[in-house]
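Okay, entry_34.cif now, which holds mmCIF, C-alpha atoms:
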data_structure
loop_
_atom_site.label_atom_id
_atom_site.label_comp_id
_atom_site.auth_asym_id
_atom_site.auth_seq_id
_atom_site.Cartn_x
_atom_site.Cartn_y
_atom_site.Cartn_z
CA MET Z 1 214.04 210.60 -83.97
CA ILE Z 2 212.36 211.55 -87.21
CA THR Z 3 213.18 209.46 -90.21
CA ASP Z 4 211.86 209.68 -93.76
CA PRO Z 5 208.35 208.27 -93.88
CA LYS Z 6 208.27 204.80 -95.28
CA SER Z 7 205.71 203.13 -97.47
CA VAL Z 8 202.96 201.41 -95.57
CA THR Z 9 200.11 199.38 -96.93
CA PHE Z 10 196.51 200.54 -96.85
CA ALA Z 11 195.75 197.39 -94.91
CA GLU Z 12 198.07 198.55 -92.14
CA ILE Z 13 196.63 202.07 -92.15
CA VAL Z 14 193.06 200.80 -91.99
CA GLU Z 15 193.94 198.66 -89.02
CA LYS Z 16 196.00 201.16 -87.03
CA LEU Z 17 193.66 204.12 -87.65
CA SER Z 18 190.46 202.06 -87.33
CA LEU Z 19 189.21 203.28 -90.68
CA THR Z 20 185.89 202.30 -92.21
CA THR Z 21 186.29 201.10 -95.78
CA PHE Z 22 183.82 202.43 -98.35
CA ASN Z 23 185.59 201.25 -101.43
CA GLU Z 24 188.34 198.74 -101.78
CA ALA Z 25 189.69 199.35 -105.25
CA ASN Z 26 192.41 196.75 -105.04
CA ASP Z 27 194.11 194.43 -102.57
CA LEU Z 28 194.86 196.67 -99.60
CA ASN Z 29 197.84 194.49 -98.70
CA GLU Z 30 199.33 195.29 -102.08
CA SER Z 31 198.73 199.08 -102.26
CA TYR Z 32 201.35 201.25 -100.68
CA VAL Z 33 201.18 204.79 -99.35
CA LEU Z 34 204.26 206.97 -99.29
CA ASN Z 35 203.31 210.56 -100.16
CA VAL Z 36 200.31 212.09 -98.50
CA ILE Z 37 198.56 215.43 -98.83
CA SER Z 38 196.09 216.82 -96.36
CA SER Z 39 193.89 219.69 -97.48
CA ASP Z 40 190.29 220.74 -97.77
CA LEU Z 41 191.09 222.97 -100.67
CA MET Z 42 191.00 220.99 -103.90
CA SER Z 43 192.84 223.75 -105.76
CA ASP Z 44 195.77 223.25 -103.39
CA VAL Z 45 195.70 219.54 -104.05
CA LEU Z 46 195.74 220.22 -107.80
CA MET Z 47 198.79 222.44 -107.37
CA VAL Z 48 200.98 219.61 -106.12
CA GLY Z 49 203.75 218.93 -108.59
CA HIS Z 50 204.78 215.47 -107.47
CA ASP Z 51 203.17 212.07 -107.08
CA VAL Z 52 200.81 211.74 -104.15
CA ASP Z 53 199.21 208.48 -103.10
CA LEU Z 54 196.71 209.55 -100.48
CA LEU Z 55 194.44 212.50 -99.79
CA ILE Z 56 193.34 213.24 -96.23
CA THR Z 57 190.49 215.73 -96.20
CA SER Z 58 187.33 216.79 -94.46
CA LEU Z 59 185.76 217.74 -97.76
CA ALA Z 60 183.20 215.05 -98.51
CA THR Z 61 181.95 215.82 -102.03
CA ASP Z 62 182.09 214.26 -105.48
CA GLN Z 63 184.84 216.74 -106.29
CA THR Z 64 187.01 215.15 -103.60
CA ILE Z 65 186.95 211.89 -105.53
CA ARG Z 66 187.39 213.55 -108.91
CA THR Z 67 190.31 215.64 -107.68
CA ALA Z 68 192.05 212.56 -106.32
CA ASN Z 69 191.54 210.84 -109.66
CA ILE Z 70 192.93 213.79 -111.63
CA MET Z 71 196.02 213.61 -109.42
CA ASP Z 72 196.39 209.83 -109.88
CA MET Z 73 195.93 209.13 -106.19
CA ILE Z 74 195.04 205.66 -105.05
CA GLY Z 75 193.24 206.52 -101.83
CA ILE Z 76 191.22 209.06 -99.86
CA ILE Z 77 190.52 209.29 -96.14
CA ILE Z 78 187.55 211.47 -95.21
CA VAL Z 79 188.04 212.64 -91.62
CA ASN Z 80 185.81 213.70 -88.73
CA GLY Z 81 183.54 210.75 -89.46
CA LYS Z 82 181.84 212.81 -92.16
CA GLU Z 83 179.08 211.16 -94.13
CA ILE Z 84 180.24 209.59 -97.34
CA THR Z 85 177.43 209.66 -99.88
CA GLU Z 86 176.48 206.74 -102.05
CA ASN Z 87 177.42 208.76 -105.06
CA MET Z 88 180.92 209.30 -103.69
CA THR Z 89 181.31 205.57 -103.16
CA GLU Z 90 180.02 204.85 -106.66
CA LEU Z 91 182.44 207.38 -108.10
CA ALA Z 92 185.34 205.87 -106.13
CA LYS Z 93 184.41 202.44 -107.52
CA GLU Z 94 184.19 203.77 -111.04
CA LEU Z 95 187.52 205.59 -110.77
CA ASN Z 96 189.24 202.78 -108.92
CA ILE Z 97 190.13 204.73 -105.79
CA ASN Z 98 190.27 203.35 -102.24
CA LEU Z 99 187.87 205.30 -100.05
CA PHE Z 100 187.88 205.33 -96.26
CA SER Z 101 186.39 207.25 -93.42
CA SER Z 102 188.15 208.16 -90.19
CA ASN Z 103 186.44 209.15 -86.97
CA TYR Z 104 189.51 211.11 -85.93
CA SER Z 105 189.96 214.78 -86.69
CA LYS Z 106 192.10 215.74 -89.63
CA TYR Z 107 195.02 216.63 -87.37
CA ASP Z 108 194.81 213.41 -85.41
CA THR Z 109 194.42 211.33 -88.55
CA CYS Z 110 197.56 212.93 -89.97
CA CYS Z 111 199.51 212.43 -86.74
CA LEU Z 112 198.46 208.81 -86.46
CA LEU Z 113 199.35 208.09 -90.07
CA TYR Z 114 202.69 209.76 -89.57
CA ASP Z 115 203.35 207.55 -86.57
CA VAL Z 116 202.48 204.50 -88.65
CA GLN Z 117 204.88 205.63 -91.36
CA GLN Z 118 207.57 206.20 -88.72
CA GLY Z 119 207.00 202.71 -87.41
CA ARG Z 120 206.02 204.04 -83.96
CA ILE Z 121 202.66 202.36 -83.76
CA MET J 1 202.14 266.58 -133.89
CA PRO J 2 199.91 265.52 -136.73
CA ILE J 3 199.16 261.88 -136.30
CA ASN J 4 199.97 261.01 -139.88
CA LYS J 5 203.40 262.61 -140.02
CA SER J 6 205.18 259.33 -140.48
CA ILE J 7 202.45 256.77 -140.36
CA GLN J 8 200.08 256.65 -143.28
CA LEU J 9 197.02 255.09 -141.78
CA LEU J 10 194.58 255.36 -144.61
CA GLN J 11 196.26 253.33 -147.28
CA GLU J 12 194.60 250.82 -149.50
CA ASN J 13 197.01 248.23 -148.25
CA SER J 14 196.53 249.07 -144.56
CA PRO J 15 195.59 245.99 -142.56
CA SER J 16 191.86 245.43 -142.72
CA ILE J 17 191.61 245.45 -138.92
CA LEU J 18 193.07 248.93 -138.83
CA LEU J 19 190.68 250.16 -141.50
CA ASP J 20 187.83 248.49 -139.70
CA VAL J 21 188.67 250.34 -136.48
CA ILE J 22 189.11 253.63 -138.31
CA TYR J 23 185.76 253.39 -140.05
CA ARG J 24 183.84 251.79 -137.23
CA SER J 25 184.78 254.27 -134.50
CA LYS J 26 183.06 257.61 -134.55
CA ILE J 27 184.40 260.99 -133.57
CA LYS J 28 181.93 261.11 -130.70
CA ASP J 29 183.32 257.89 -129.23
CA ILE J 30 186.75 259.41 -128.96
CA MET J 31 186.37 263.16 -128.39
CA ALA J 32 186.65 264.79 -125.00
CA THR J 33 183.27 266.06 -123.90
CA LYS J 34 184.32 267.84 -120.76
CA LEU J 35 185.15 271.15 -122.30
CA ALA J 36 186.96 274.24 -121.20
CA THR J 37 185.60 277.15 -123.23
CA SER J 38 185.82 280.87 -123.06
CA SER J 39 183.93 283.93 -124.20
CA PRO J 40 185.56 286.18 -126.79
CA ASP J 41 185.41 289.17 -124.47
CA VAL J 42 187.97 288.06 -121.92
CA THR J 43 191.67 288.89 -122.17
CA LEU J 44 194.27 286.52 -123.56
CA LYS J 45 195.78 286.46 -120.09
CA GLU J 46 192.53 285.13 -118.65
CA VAL J 47 192.25 282.55 -121.41
CA LYS J 48 195.78 281.44 -120.66
CA SER J 49 194.83 280.70 -117.05
CA ILE J 50 191.70 278.81 -118.19
CA MET J 51 193.89 276.69 -120.45
CA LYS J 52 196.43 276.12 -117.72
CA LYS J 53 193.75 275.07 -115.25
CA ALA J 54 192.10 272.70 -117.74
CA GLU J 55 195.50 271.40 -118.87
CA VAL J 56 194.70 271.89 -122.54
CA THR J 57 196.59 273.52 -125.36
CA GLY J 58 193.64 275.03 -127.16
CA ILE J 59 190.09 276.06 -126.36
CA PRO J 60 186.95 276.88 -128.31
CA ILE J 61 185.58 280.39 -127.98
CA ILE J 62 181.83 280.51 -127.53
CA GLU J 63 179.38 283.37 -127.93
CA HIS J 64 175.60 282.96 -127.58
CA ASP J 65 176.04 279.21 -127.54
CA GLU J 66 177.82 279.29 -130.84
CA LEU J 67 181.37 278.47 -131.69
CA VAL J 68 183.00 281.65 -132.97
CA GLY J 69 186.69 280.87 -132.81
CA MET J 70 189.62 278.98 -131.30
CA ILE J 71 192.56 280.05 -129.24
CA SER J 72 195.58 277.78 -129.21
CA ILE J 73 198.74 277.79 -127.19
CA ASP J 74 200.50 279.24 -130.26
CA ASP J 75 198.23 282.30 -130.12
CA ILE J 76 199.19 282.71 -126.50
CA PHE J 77 202.92 282.47 -127.30
CA ARG J 78 202.50 285.09 -129.99
CA ALA J 79 200.67 287.35 -127.53
CA ILE J 80 203.46 286.97 -124.99
CA ASP J 81 206.07 287.79 -127.65
CA GLY J 82 204.05 290.72 -128.96
CA GLU J 83 203.20 291.83 -125.43
CA TYR J 84 199.45 292.04 -125.98
CA MET J 85 198.26 289.57 -123.38
CA GLY J 86 195.95 292.22 -121.99
CA GLU J 87 193.97 292.45 -125.20
CA VAL J 88 190.68 290.63 -125.74
CA VAL J 89 190.42 287.23 -127.31
CA ARG J 90 188.04 288.41 -130.04
CA ASP J 91 190.81 290.31 -131.77
CA HIS J 92 193.27 287.44 -131.85
CA MET J 93 191.36 284.16 -132.10
CA SER J 94 191.29 282.11 -135.26
CA THR J 95 187.88 282.53 -136.77
CA ASP J 96 188.25 280.27 -139.79
CA VAL J 97 187.64 277.33 -137.53
CA ILE J 98 187.43 273.91 -139.06
CA VAL J 99 185.06 271.63 -137.26
CA LEU J 100 184.25 267.94 -137.28
CA GLU J 101 180.82 266.47 -136.79
CA ASP J 102 180.29 264.02 -133.98
CA ASP J 103 178.74 261.37 -136.24
CA MET J 104 181.66 261.25 -138.65
CA PRO J 105 183.83 258.17 -138.63
CA LEU J 106 187.29 258.39 -137.13
CA ALA J 107 188.65 258.15 -140.69
CA PHE J 108 187.38 261.69 -141.31
CA GLY J 109 189.18 262.94 -138.26
CA ILE J 110 192.42 261.40 -139.42
CA THR J 111 192.02 263.00 -142.87
CA TYR J 112 191.42 266.37 -141.24
CA PHE J 113 194.53 266.13 -139.12
CA GLU J 114 196.40 265.20 -142.28
CA LYS J 115 194.99 268.06 -144.30
CA PHE J 116 194.89 270.99 -141.90
CA LYS J 117 197.80 270.40 -139.55
CA TYR J 118 195.90 271.61 -136.51
CA GLY J 119 196.47 270.04 -133.13
CA ARG J 120 192.77 269.83 -132.32
CA PHE J 121 189.35 270.21 -133.84
CA PRO J 122 186.15 271.31 -132.18
CA VAL J 123 183.32 268.86 -132.70
CA ILE J 124 179.73 269.94 -133.32
CA ASP J 125 176.53 267.95 -133.48
CA LYS J 126 173.99 268.10 -136.26
CA ASN J 127 172.41 271.19 -134.66
CA LYS J 128 175.78 272.92 -134.99
CA LYS J 129 176.17 272.93 -131.24
CA LEU J 130 179.68 272.43 -129.83
CA VAL J 131 179.74 269.02 -128.15
CA GLY J 132 183.41 268.17 -127.83
CA ILE J 133 186.96 268.57 -128.90
CA ILE J 134 189.29 266.04 -130.43
CA THR J 135 193.08 265.99 -130.47
CA SER J 136 195.51 263.79 -132.36
CA ARG J 137 196.42 262.39 -128.97
CA ASP J 138 192.82 261.21 -128.47
CA ILE J 139 192.97 259.45 -131.81
CA LEU J 140 196.27 257.78 -131.05
CA HIS J 141 194.98 256.67 -127.71
CA GLU J 142 191.84 255.20 -129.24
CA LEU J 143 193.74 253.47 -132.02
CA LEU J 144 196.13 251.88 -129.57
CA PHE J 145 193.27 250.80 -127.35
CA GLN J 146 191.27 249.33 -130.22
CA LEU J 147 194.25 247.64 -131.80
CA ASN J 148 195.29 246.14 -128.52
CA HIS J 149 191.83 244.77 -128.14
CA GLU J 150 191.74 243.42 -131.69
CA VAL J 151 195.11 241.77 -131.28
CA ALA J 152 193.97 240.11 -128.07
CA ARG J 153 190.81 238.92 -129.80
CA LEU J 154 192.74 237.61 -132.77
CA GLU J 155 195.19 235.85 -130.53
CA SER J 156 192.34 234.09 -128.82
CA GLU J 157 191.00 233.03 -132.18
CA ILE J 158 194.29 231.67 -133.31
CA ARG J 159 193.47 228.08 -132.92
CA VAL J 160 196.85 226.54 -132.89
CA GLU J 161 197.63 225.51 -136.42
CA VAL J 162 195.90 222.22 -136.56
CA ASP J 163 195.52 220.07 -139.57
CA PRO J 164 192.10 218.49 -139.04
CA THR J 165 193.30 215.23 -140.50
CA LEU J 166 195.93 215.01 -137.77
CA ILE J 167 193.48 215.34 -134.91
CA THR J 168 193.25 211.97 -133.33
CA LEU J 169 190.65 212.86 -130.77
CA ARG J 170 188.19 215.69 -130.25
CA GLU J 171 185.48 216.09 -127.65
CA VAL J 172 183.25 219.00 -126.65
CA TYR J 173 181.48 218.97 -123.31
CA LYS J 174 178.69 221.27 -122.24
CA ILE J 175 179.26 222.62 -118.72
CA ASN J 176 176.36 223.93 -116.68
CA LYS J 177 176.37 226.74 -114.19
CA MET J 178 176.67 225.62 -110.54
CA ASP J 179 176.07 221.99 -111.45
CA PHE J 180 178.30 220.53 -108.78
CA SER J 181 177.15 216.96 -109.14
CA ASN J 182 178.61 216.93 -112.65
CA ALA J 183 181.48 219.39 -112.25
CA GLY J 184 184.67 217.54 -113.02
CA LYS J 185 182.99 214.81 -115.04
CA ALA J 186 184.22 216.10 -118.39
CA SER J 187 187.83 216.39 -117.28
CA ASN J 188 187.72 212.96 -115.66
CA GLU J 189 186.50 211.64 -119.02
CA ILE J 190 189.32 213.44 -120.80
CA LYS J 191 191.69 211.83 -118.36
CA LYS J 192 190.29 208.40 -119.11
CA LEU J 193 190.56 208.96 -122.88
CA LEU J 194 194.23 209.84 -122.49
CA LYS J 195 194.95 207.07 -120.02
CA ASP J 196 193.43 204.51 -122.37
CA ARG J 197 195.87 205.67 -125.04
CA THR J 198 198.77 204.93 -122.70
CA PHE J 199 200.33 208.37 -122.65
CA ASP J 200 202.96 209.29 -120.08
CA PRO J 201 201.08 209.68 -116.76
CA LYS J 202 202.68 213.09 -116.18
CA PHE J 203 201.34 214.38 -119.48
CA VAL J 204 197.92 212.94 -118.69
CA ARG J 205 197.93 214.61 -115.30
CA ARG J 206 198.88 218.03 -116.65
CA VAL J 207 196.13 217.92 -119.25
CA SER J 208 193.64 216.69 -116.65
CA VAL J 209 194.55 219.39 -114.14
CA ALA J 210 194.12 222.11 -116.79
CA ALA J 211 190.81 220.65 -117.93
CA TYR J 212 189.55 220.19 -114.37
CA GLU J 213 190.40 223.70 -113.18
CA LEU J 214 188.84 225.17 -116.32
CA GLU J 215 185.74 223.04 -115.93
CA ILE J 216 185.34 224.11 -112.31
CA ASN J 217 185.85 227.73 -113.39
CA ILE J 218 183.01 227.52 -115.89
CA THR J 219 180.82 225.87 -113.26
CA ILE J 220 181.41 228.40 -110.51
CA HIS J 221 182.06 231.67 -112.34
CA SER J 222 180.11 231.66 -115.59
CA ASP J 223 176.56 231.24 -116.73
CA GLY J 224 177.62 227.99 -118.35
CA GLY J 225 179.82 227.19 -121.29
CA GLU J 226 181.75 224.44 -122.99
CA LEU J 227 185.00 222.60 -122.62
CA GLU J 228 186.67 221.53 -125.84
CA PHE J 229 189.48 219.06 -125.92
CA PHE J 230 191.51 217.82 -128.82
CA LEU J 231 194.62 215.89 -129.40
CA ASP J 232 197.01 215.55 -132.30
CA LYS J 233 200.39 213.93 -132.60
CA GLU J 234 202.18 216.76 -130.80
CA LYS J 235 199.88 218.21 -128.22
CA ALA J 236 196.69 218.30 -126.26
CA VAL J 237 194.59 221.46 -126.40
CA VAL J 238 191.95 222.36 -123.85
CA ILE J 239 189.69 225.32 -124.58
CA ALA J 240 187.15 226.64 -122.11
CA ARG J 241 184.52 229.01 -123.45
CA ASP J 242 181.72 230.78 -121.70
CA SER J 243 179.50 233.59 -122.83
CA SER J 244 179.31 235.59 -119.61
CA PRO J 245 179.96 237.40 -117.37
CA GLY J 246 183.63 237.93 -118.33
CA ILE J 247 186.58 238.89 -116.17
CA ALA J 248 187.01 242.56 -115.32
CA ASP J 249 190.73 242.34 -114.66
CA VAL J 250 192.50 239.39 -116.24
CA THR J 251 195.89 240.27 -114.75
CA LYS J 252 194.38 240.10 -111.29
CA ALA J 253 192.59 236.84 -112.05
CA LEU J 254 195.93 235.29 -112.96
CA LYS J 255 197.41 236.15 -109.58
CA GLN J 256 197.46 233.39 -107.02
CA GLY J 257 194.96 233.98 -104.27
CA PHE J 258 192.77 236.41 -106.18
CA SER J 259 189.22 235.14 -105.97
CA THR J 260 185.72 236.39 -106.52
CA ALA J 261 184.16 233.16 -105.28
CA ASP J 262 181.60 233.18 -102.47
CA ASN J 263 181.47 230.94 -99.42
CA THR J 264 179.27 228.28 -101.03
CA ILE J 265 181.97 227.69 -103.60
CA LYS J 266 184.69 227.82 -100.98
CA SER J 267 182.84 225.23 -98.90
CA LEU J 268 183.11 222.94 -101.91
CA GLY J 269 186.89 223.14 -101.88
CA PHE J 270 187.35 225.67 -104.65
CA GLY J 271 187.44 229.40 -105.15
CA ALA J 272 190.77 230.01 -103.46
CA GLY J 273 192.11 231.89 -106.42
CA MET J 274 194.37 229.08 -107.59
CA GLY J 275 192.46 227.97 -110.66
CA LEU J 276 193.83 230.07 -113.51
CA PRO J 277 197.37 230.28 -112.09
CA ASN J 278 197.33 226.50 -111.85
CA VAL J 279 196.15 226.10 -115.45
CA LYS J 280 198.95 228.44 -116.53
CA ARG J 281 201.43 226.41 -114.48
CA VAL J 282 200.66 223.13 -116.21
CA SER J 283 200.38 224.64 -119.71
CA ASP J 284 203.12 225.01 -122.30
CA GLU J 285 201.05 227.74 -123.89
CA PHE J 286 198.31 229.65 -122.17
CA ASN J 287 195.96 232.24 -123.67
CA ILE J 288 193.07 234.04 -122.14
CA ILE J 289 190.71 236.58 -123.57
CA SER J 290 187.89 238.02 -121.59
CA GLU J 291 185.49 240.88 -121.86
CA VAL J 292 182.90 241.89 -119.31
CA GLY J 293 179.47 241.10 -120.69
CA LYS J 294 180.85 238.91 -123.44
CA GLY J 295 182.55 236.07 -121.63
CA THR J 296 185.86 234.35 -121.40
CA THR J 297 187.89 231.97 -123.52
CA VAL J 298 190.90 230.21 -122.09
CA GLN J 299 193.18 228.01 -124.14
CA SER J 300 195.72 225.66 -122.65
CA ILE J 301 198.17 223.75 -124.80
CA ILE J 302 200.25 220.94 -123.43
CA ARG J 303 202.88 219.41 -125.66
CA ILE J 304 203.44 215.71 -125.53
CA GLU J 305 207.20 216.00 -125.96
CA ASN J 306 207.63 218.37 -123.01
CA THR J 307 206.45 215.97 -120.41
#
Rewrite the structure from the file as structure tokens, please.
Amino acid sequence: MITDPKSVTFAEIVEKLSLTTFNEANDLNESYVLNVISSDLMSDVLMVGHDVDLLITSLATDQTIRTANIMDMIGIIIVNGKEITENMTELAKELNINLFSSNYSKYDTCCLLYDVQQGRI
Amino acid sequence: MPINKSIQLLQENSPSILLDVIYRSKIKDIMATKLATSSPDVTLKEVKSIMKKAEVTGIPIIEHDELVGMISIDDIFRAIDGEYMGEVVRDHMSTDVIVLEDDMPLAFGITYFEKFKYGRFPVIDKNKKLVGIITSRDILHELLFQLNHEVARLESEIRVEVDPTLITLREVYKINKMDFSNAGKASNEIKKLLKDRTFDPKFVRRVSVAAYELEINITIHSDGGELEFFLDKEKAVVIARDSSPGIADVTKALKQGFSTADNTIKSLGFGAGMGLPNVKRVSDEFNIISEVGKGTTVQSIIRIENT
């Protein structure tokens, strides 16, 4: 049965999805994720009209971090184990955004996160 | 119809923009240069078919490279009524032809239409050679085109009425072409400035999205430009200016999905044709003026109260 996704903490997501943490902007046990967007197109991300907490993307550039900041997001997961540059990490620190890397594909990362939000795993 | 029948264009109190257009444009910029002409030795019937084919209502009559007369649709009507369509043009053309010179300002043309009540004037160059023909329709068309353009330019210059003493914040950022390591920096700074002033987060986000999309646009599409941001008690204004290359079709550029970006830009997560439509979406007022070769100015206004 599909229920509305519920808020989960970053700490839980990091654990269940085996994420690598590049920047911990605040206490991961205290930051909650409810709304998520997954896209490699930053223009699409900027089109979203509602609050989004987390960006899942395979785009690993400075613009990824800046886009997330413009949209007031609190976290980013870069998928496919893509290299996260030092500059990206610095930017995430400066802008106070949690930054993680996932070795899963974008699809799998999304599915896993969904399962976490559904309380299945 | 004479152009000035009801509109007096050349008045002392005409708007200066109108006068500027009228004196700046020259006859040669407006006249038709693809000409249908005829020799004076053909019949009126033949001239009628030349006019029909060329879709004109009057043609210059040329002999030995010289303009010797004009035949208008009225002459043809008279010939049909008088049943002399088989006669030669020479005997029925107007020979007291009034001509304009190609270097004359448009103002002259308008005066001529006013004074002589003809539908068209042949245009000659300084060697007295026929180089074109001008109709009142050409003039109207040009005036509308120029005025449209002027209005658009003026609109872009209308900086929202801002009392400089009310501006609480103003920043101008230089944006470089294809500088992706810095693209987005200016708008992130704008965001910080607004956030520090504890505005409603939704207002801050709208301003930031407009600034960010415009900044990215300058980075990927122009040869560089600037992003201006200011704030007063009622609104935030973001203005993006670049000096080239300009947008060929602004209407198209405002359509979602229309993009001229290449794959390098697309691989960076932009160039999907969402930029300008997105700026428009978040703006309370949106103005764009662009001219190929001269550049683009986009202005986005976001009112504090509307958020």
Q: Would you kindly return, as number ranges by chain, each protein, DNA or RNA residue with an atom no farther than 10 Å from any atom of Z:Val14, considering only C-alpha atoms and excluding same-chain residues fewer than 2 positions away?
A: Z: 9-12, 16-21, 28, 77, 100-102, 113
- Residue list for chain Z near chain J as a list in words, 6 Å, all atoms listed in the file: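 Result: Asp40, Leu41, Met42, Ser43 and Ile70 of chain Z.
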Practice problem: List the residues selected by the PyMOL selection byres ((chain Z and resi 120) around 12) in the file shown, writing them as a list in words. | Solution: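 With the shown file as input, the PyMOL selection byres ((chain Z and resi 120) around 12) matches Met1, Ile2, Thr3, Pro5, Lys6, Lys16, Cys111, Leu112, Leu113, Tyr114, Asp115, Val116, Gln117, Gln118, Gly119 and Ile121 of chain Z.
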Atom pair atom CA of J:Ser38 + atom CA of J:Ile62, distance 6.0 Å
re atom CA of J:Gly69 and atom CA of J:Thr95: distance 4.5 Å
Write out as a list in words the residues lying within 6 Å of J:Ser283, counting all atoms listed in the file and excluding same-chain residues fewer than 5 positions away. Ser300, Ile301 and Ile302 of chain J
inquiry  = Can you measure atom CA of J:Ser25 to atom CA of J:Leu106 for me? One decimal in Å is fine.
reply    =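 Between atom CA of J:Ser25 and atom CA of J:Leu106 the gap is 5.5 Å.
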For the file shown, report as a ChimeraX atom specification the outcome of the PyMOL selection byres ((chain Z and resi 106) around 10) at residue level. /Z:38-40,56-58,77-81,102-105,107-112
